[in-house]
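Visitor: Quick one: structure below, then a few questions.
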Amino acid sequence: MRYIKLGSRDVSVIGLGAWQIGTRYWGWGTEFGPDNVSALLDAARDAGINLIDTAEIYGQGESELQLGANLPSNDDHFLIASKASPWHLGASSVQRAAARSLQRLQRPSMHLYQVHFPNVVMPLSRTMSGMRNLQREYLVEQVGVSNFSRARWARAERALGALVITNQVDYSLLKPRVFPALEPMLDDGHVMIAYSPMAMGLLSGKYNTEQHPTGARVKLPGFSARNYVNVRRVLEVMEGIAKAHTALVSQIALAWVIAHPNVIAIPGAKSPEQVRQNAEATDIQLSESEMAALDEVSESYKPAVHIPRPFEVAKWVVNRDYRW
C-alpha cells in the first residue's frame with residue numbers, strides 16, 4: 001500500500017468507500033448485509049487500507065451505524081471520514097449533524113468531516129463557523145468538502161480561516177476533467193478524493209450488453225446499450241494494459257486515478273476479495289505510454305445523450321463555476 005499525507009496523518013491512496021454499506025441501491029439486504037461488514041473491515045486492515053469514507057445520508061445513517069458496531073471506538077488504525085448533508089449546513093445544524101454521526105459511529109471524534117454537497121442558499125461563512133466550533137471542541141480533526149468547484153473550495157477555505165484539506169469529487173477515466181480543474185489547488189495541504197473511480201462499475205470489466213448490474217444501477221444512462229458502445233472504446237484500451245500487467249480491468253481504472261499526485265481513490269466493495277483487489281491496484285506502475293493511451297481514450301469518451309435526472313440538473317445549477 002502507498003500512503004500520502006492527509007493533514008498530519010498518513011492515509012492510504014486506496015480507501016474504502018462505505019456508500020454500499022446499509023444502502024439497498026447497492027444490494028444491501030440481498031447480496032450482502034450486516035454479517036459481512038466485519039470481514040470487509042478485516043480485509044481492508046490486512047491490505048493496509050486505513051481510510052473509510054461514509055456519510056450521514058448513506059442508508060439514512062445505516063452505514064455509520066454498521067461501522068460503529070464493527071469498529072472499536074479506540075481503534076487507531078482506521079481514519080473515519082463522514083459528510084454532512086446539504087440541508088444540515090447552518091452553523092448549529094452542522095454541529096448537530098456531526099454529533100449524530102459520531103453517536104452512530106460510536107467514536108469521540110472523526111478525522112475528516114466534509115460538506116457533502118454545496119447549498120447555494122446557505123452562506124459558507126455559517127457552515128464553516130460550525131466547522132470551526134467542531135474543530136475547537138476536538139470533535140473533528142480536519143475539514144473537507146465534496147462536489148465543490150475549485151473557486152468554491154477556495155472560498156470555503158477562506159471562510160474557515162484554515163485549511164480545507166480535501167475535495168471529494170466524481171473522478172474516473174469516464175470523467176477526467178476534474179483533476180486538471182482542481183490541480184492548481186492540489187499540494188501538500190490539499191488532496192482530491194475520487195469517488196466512483198470505476199464509474200459506478202462501468203469500468204469494472206464485468207458488464208456488457210448482455211451482463212448488467214443488479215439493482216437501480218441498471219437504469220443509469222451510463223449502462224444503457226447506446227452508451228456502452230462508447231464505454232467499450234475505453235475498455236478495449238484498459239483490457240490491453242491489464243493484460244500486460246496481469247491485472248484486472250478494474251485495477252487499471254484505479255491505478256490511473258491514483259497515478260495523479262495528491263489523489264486518493266475510495267472504491268466501494270461488497271466482499272473481502274473486492275477489497276483486496278482494489279488495494280492491489282497500488283502495486284501497478286503504469287508507464288508513460290500507458291498513461292498517455294489512457295488519457296487519450298479518456299478524453300475522447302463522450303457519453304450518449306440522455307435527459308438529465310433532477311439530481312444532475314441540481315448539481316449543474318449549483319456548480320456552474322465548474323471547469324470540467
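FYI, nothing fancy with the C-alpha cells labels: chains A, B, ... in order, residues from 1 per chain, ligands from 1 as they appear.
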When DSSP works through the backbone of this structure, what residues of range 53-126 of chain A end up as helix (DSSP H, G or I), shown as a ChimeraX atom specification?
Guide: /A:58-70,91-105,124-126
Visitor: With N, CA and C atoms retained, export the selected residues as a PDB file, in the first residue's frame.
Guide:
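And here's again.pdb as it stands now:
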```pdb
ATOM      1  N   TYR A  58     -25.892   7.963   3.788  1.00  0.00           N
ATOM      2  CA  TYR A  58     -25.755   6.600   3.278  1.00  0.00           C
ATOM      3  C   TYR A  58     -26.628   5.642   4.088  1.00  0.00           C
ATOM      4  N   GLY A  59     -27.634   5.102   3.421  1.00  0.00           N
ATOM      5  CA  GLY A  59     -28.557   4.204   4.122  1.00  0.00           C
ATOM      6  C   GLY A  59     -29.297   4.899   5.234  1.00  0.00           C
ATOM      7  N   GLN A  60     -29.441   6.238   5.134  1.00  0.00           N
ATOM      8  CA  GLN A  60     -30.110   7.035   6.164  1.00  0.00           C
ATOM      9  C   GLN A  60     -29.461   6.780   7.534  1.00  0.00           C
ATOM     10  N   GLY A  61     -28.150   6.776   7.540  1.00  0.00           N
ATOM     11  CA  GLY A  61     -27.410   6.596   8.779  1.00  0.00           C
ATOM     12  C   GLY A  61     -26.958   5.167   9.034  1.00  0.00           C
ATOM     13  N   GLU A  62     -27.460   4.213   8.249  1.00  0.00           N
ATOM     14  CA  GLU A  62     -27.139   2.804   8.496  1.00  0.00           C
ATOM     15  C   GLU A  62     -25.661   2.510   8.259  1.00  0.00           C
ATOM     16  N   SER A  63     -25.054   3.180   7.289  1.00  0.00           N
ATOM     17  CA  SER A  63     -23.634   2.965   7.038  1.00  0.00           C
ATOM     18  C   SER A  63     -22.809   3.315   8.279  1.00  0.00           C
ATOM     19  N   GLU A  64     -23.088   4.473   8.858  1.00  0.00           N
ATOM     20  CA  GLU A  64     -22.369   4.876  10.074  1.00  0.00           C
ATOM     21  C   GLU A  64     -22.675   3.920  11.227  1.00  0.00           C
ATOM     22  N   LEU A  65     -23.927   3.497  11.353  1.00  0.00           N
ATOM     23  CA  LEU A  65     -24.290   2.564  12.423  1.00  0.00           C
ATOM     24  C   LEU A  65     -23.526   1.255  12.305  1.00  0.00           C
ATOM     25  N   GLN A  66     -23.426   0.731  11.093  1.00  0.00           N
ATOM     26  CA  GLN A  66     -22.727  -0.536  10.886  1.00  0.00           C
ATOM     27  C   GLN A  66     -21.236  -0.403  11.170  1.00  0.00           C
ATOM     28  N   LEU A  67     -20.660   0.706  10.755  1.00  0.00           N
ATOM     29  CA  LEU A  67     -19.247   0.925  11.060  1.00  0.00           C
ATOM     30  C   LEU A  67     -19.033   1.040  12.565  1.00  0.00           C
ATOM     31  N   GLY A  68     -19.923   1.771  13.219  1.00  0.00           N
ATOM     32  CA  GLY A  68     -19.808   1.906  14.664  1.00  0.00           C
ATOM     33  C   GLY A  68     -19.929   0.580  15.392  1.00  0.00           C
ATOM     34  N   ALA A  69     -20.794  -0.290  14.895  1.00  0.00           N
ATOM     35  CA  ALA A  69     -20.997  -1.594  15.535  1.00  0.00           C
ATOM     36  C   ALA A  69     -19.837  -2.545  15.304  1.00  0.00           C
ATOM     37  N   ASN A  70     -19.049  -2.285  14.268  1.00  0.00           N
ATOM     38  CA  ASN A  70     -17.988  -3.221  13.908  1.00  0.00           C
ATOM     39  C   ASN A  70     -16.575  -2.692  14.123  1.00  0.00           C
ATOM     40  N   ALA A  91     -24.639  26.863  10.957  1.00  0.00           N
ATOM     41  CA  ALA A  91     -23.595  26.757  11.978  1.00  0.00           C
ATOM     42  C   ALA A  91     -23.955  25.757  13.073  1.00  0.00           C
ATOM     43  N   SER A  92     -25.197  25.838  13.562  1.00  0.00           N
ATOM     44  CA  SER A  92     -25.597  24.922  14.630  1.00  0.00           C
ATOM     45  C   SER A  92     -26.016  23.566  14.075  1.00  0.00           C
ATOM     46  N   SER A  93     -26.649  23.553  12.878  1.00  0.00           N
ATOM     47  CA  SER A  93     -27.123  22.277  12.342  1.00  0.00           C
ATOM     48  C   SER A  93     -25.976  21.377  11.917  1.00  0.00           C
ATOM     49  N   VAL A  94     -24.880  21.938  11.431  1.00  0.00           N
ATOM     50  CA  VAL A  94     -23.749  21.093  11.053  1.00  0.00           C
ATOM     51  C   VAL A  94     -23.105  20.492  12.295  1.00  0.00           C
ATOM     52  N   GLN A  95     -23.158  21.231  13.392  1.00  0.00           N
ATOM     53  CA  GLN A  95     -22.624  20.678  14.640  1.00  0.00           C
ATOM     54  C   GLN A  95     -23.508  19.553  15.161  1.00  0.00           C
ATOM     55  N   ARG A  96     -24.817  19.726  15.057  1.00  0.00           N
ATOM     56  CA  ARG A  96     -25.726  18.655  15.489  1.00  0.00           C
ATOM     57  C   ARG A  96     -25.585  17.432  14.594  1.00  0.00           C
ATOM     58  N   ALA A  97     -25.429  17.661  13.286  1.00  0.00           N
ATOM     59  CA  ALA A  97     -25.260  16.538  12.361  1.00  0.00           C
ATOM     60  C   ALA A  97     -23.992  15.755  12.690  1.00  0.00           C
ATOM     61  N   ALA A  98     -22.909  16.465  13.001  1.00  0.00           N
ATOM     62  CA  ALA A  98     -21.657  15.793  13.362  1.00  0.00           C
ATOM     63  C   ALA A  98     -21.823  14.987  14.645  1.00  0.00           C
ATOM     64  N   ALA A  99     -22.539  15.557  15.606  1.00  0.00           N
ATOM     65  CA  ALA A  99     -22.756  14.843  16.870  1.00  0.00           C
ATOM     66  C   ALA A  99     -23.547  13.559  16.645  1.00  0.00           C
ATOM     67  N   ARG A 100     -24.565  13.626  15.781  1.00  0.00           N
ATOM     68  CA  ARG A 100     -25.339  12.421  15.486  1.00  0.00           C
ATOM     69  C   ARG A 100     -24.485  11.384  14.759  1.00  0.00           C
ATOM     70  N   SER A 101     -23.649  11.837  13.832  1.00  0.00           N
ATOM     71  CA  SER A 101     -22.767  10.906  13.125  1.00  0.00           C
ATOM     72  C   SER A 101     -21.811  10.229  14.104  1.00  0.00           C
ATOM     73  N   LEU A 102     -21.235  11.006  15.004  1.00  0.00           N
ATOM     74  CA  LEU A 102     -20.305  10.436  15.982  1.00  0.00           C
ATOM     75  C   LEU A 102     -21.012   9.445  16.900  1.00  0.00           C
ATOM     76  N   GLN A 103     -22.261   9.734  17.225  1.00  0.00           N
ATOM     77  CA  GLN A 103     -23.025   8.799  18.057  1.00  0.00           C
ATOM     78  C   GLN A 103     -23.236   7.484  17.313  1.00  0.00           C
ATOM     79  N   ARG A 104     -23.594   7.567  16.027  1.00  0.00           N
ATOM     80  CA  ARG A 104     -23.782   6.340  15.245  1.00  0.00           C
ATOM     81  C   ARG A 104     -22.461   5.599  15.069  1.00  0.00           C
ATOM     82  N   LEU A 105     -21.390   6.339  14.875  1.00  0.00           N
ATOM     83  CA  LEU A 105     -20.069   5.728  14.687  1.00  0.00           C
ATOM     84  C   LEU A 105     -19.468   5.219  16.000  1.00  0.00           C
ATOM     85  N   LEU A 124     -21.417  30.036   3.036  1.00  0.00           N
ATOM     86  CA  LEU A 124     -20.301  29.223   3.502  1.00  0.00           C
ATOM     87  C   LEU A 124     -19.782  29.705   4.854  1.00  0.00           C
ATOM     88  N   SER A 125     -19.941  30.978   5.125  1.00  0.00           N
ATOM     89  CA  SER A 125     -19.462  31.510   6.405  1.00  0.00           C
ATOM     90  C   SER A 125     -20.160  30.844   7.579  1.00  0.00           C
ATOM     91  N   ARG A 126     -21.455  30.560   7.423  1.00  0.00           N
ATOM     92  CA  ARG A 126     -22.187  29.911   8.513  1.00  0.00           C
ATOM     93  C   ARG A 126     -21.765  28.452   8.655  1.00  0.00           C
TER      94      ARG A 126
END
```
Visitor: Can you pull out every residue within 12 Å of Val121 in chain A, counting only C-alpha atoms, but drop anything in the same chain fewer than 6 positions away, and send it as a PyMOL selection string?
Guide: chain A and resi 86-90+127+318
Visitor: Those residues with C-alpha atoms, as a compact mmCIF listing (two decimals), in the first residue's frame please?
Guide:
```
# COMPACT_ATOMS: atom_id res chain seq x y z
CA PRO A 86 -26.68 19.85 2.18
CA TRP A 87 -29.67 20.54 4.45
CA HIS A 88 -27.50 20.44 7.59
CA LEU A 89 -25.07 23.24 6.79
CA GLY A 90 -26.06 26.01 9.18
CA THR A 127 -21.19 26.36 7.58
CA VAL A 318 -25.10 24.89 -8.00
```
Visitor: In terms of the shortest atom-to-atom distance over only C-alpha atoms, which of A:Gly29, A:Pro108, A:Pro310, A:Gly189 is closest to Ser8 in chain A?
Guide: A:Gly189
Visitor: Using only C-alpha atoms, which residues sit within 7 Å of Asn147 in chain A once same-chain residues fewer than 5 positions away are excluded, as a list in words?
Guide: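 What passes the distance filter is Phe117, Asn167, Gln168 and Val169 of chain A.
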Visitor: What would the file look like if the residues just selected were written as a compact mmCIF listing (two decimals), in the first residue's frame with N, CA and C atoms?
Guide:
```txt
# COMPACT_ATOMS: atom_id res chain seq x y z
N PHE A 117 -22.30 18.30 -0.19
CA PHE A 117 -22.74 18.92 -1.44
C PHE A 117 -23.03 20.38 -1.16
N ASN A 167 -11.24 17.75 -1.21
CA ASN A 167 -12.43 17.96 -2.04
C ASN A 167 -12.72 16.61 -2.68
N GLN A 168 -13.87 16.05 -2.32
CA GLN A 168 -14.25 14.72 -2.82
C GLN A 168 -15.14 14.88 -4.05
N VAL A 169 -14.69 14.32 -5.17
CA VAL A 169 -15.36 14.56 -6.45
C VAL A 169 -15.48 13.26 -7.25
```
Visitor: One decimal, in Å: what's the spacing between CA of Val263 in chain A and CA of Thr166 in chain A?
Guide: 9.6 Å
Visitor: Name the residues of range 97-285 of chain A that come out as strand (DSSP E or B) in a backbone DSSP run; write them as a ChimeraX atom specification.
Guide: /A:110-115,140-146,164-170,172,175,187,190-195,263-265,268
Visitor: Nearest residue to Phe179 in chain A out of A:Asn36, A:Ser109, A:Asn262, A:Gln285, using only C-alpha atoms?
Guide: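 When distances to Phe179 in chain A are compared using only C-alpha atoms, the smallest one comes from A:Asn262.
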Visitor: Just the number, please: distance in Å from CA of Ser271 in chain A to CA of Leu40 in chain A, one decimal.
Guide: 6.1 Å
Visitor: To one decimal place in Å, what is the distance between CA of Arg150 in chain A and CA of Ser287 in chain A?
Guide: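 Rounded to one decimal, the two atoms are 29.0 Å apart.
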Visitor: Near Glu296 in chain A, counting only C-alpha atoms, which residues have an atom at most 12 Å away, once you skip same-chain residues fewer than 2 positions from it, shown as a PDB file with C-alpha atoms, in the first residue's frame?
Guide:
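Printed below is selection.pdb as written:
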```pdb
ATOM      1  CA  LEU A 173     -11.494   7.609 -16.815  1.00  0.00           C
ATOM      2  CA  LEU A 174     -15.024   8.486 -17.918  1.00  0.00           C
ATOM      3  CA  PRO A 176     -11.350  13.006 -16.440  1.00  0.00           C
ATOM      4  CA  ARG A 233     -13.671   2.003 -26.653  1.00  0.00           C
ATOM      5  CA  VAL A 234     -12.253   2.896 -23.248  1.00  0.00           C
ATOM      6  CA  VAL A 237      -7.540   0.150 -24.154  1.00  0.00           C
ATOM      7  CA  MET A 238      -7.832  -0.803 -20.483  1.00  0.00           C
ATOM      8  CA  SER A 289       2.952   5.372 -22.794  1.00  0.00           C
ATOM      9  CA  GLU A 290       0.184   3.524 -20.932  1.00  0.00           C
ATOM     10  CA  MET A 291      -0.851   6.706 -19.142  1.00  0.00           C
ATOM     11  CA  ALA A 292      -0.842   8.563 -22.454  1.00  0.00           C
ATOM     12  CA  ALA A 293      -3.031   5.896 -24.074  1.00  0.00           C
ATOM     13  CA  LEU A 294      -5.477   6.017 -21.185  1.00  0.00           C
ATOM     14  CA  SER A 298     -10.479   9.022 -21.676  1.00  0.00           C
ATOM     15  CA  GLU A 299     -10.568  12.470 -23.251  1.00  0.00           C
ATOM     16  CA  SER A 300     -12.233  11.086 -26.367  1.00  0.00           C
ATOM     17  CA  TYR A 301     -15.073   9.429 -24.422  1.00  0.00           C
TER      18      TYR A 301
END
```
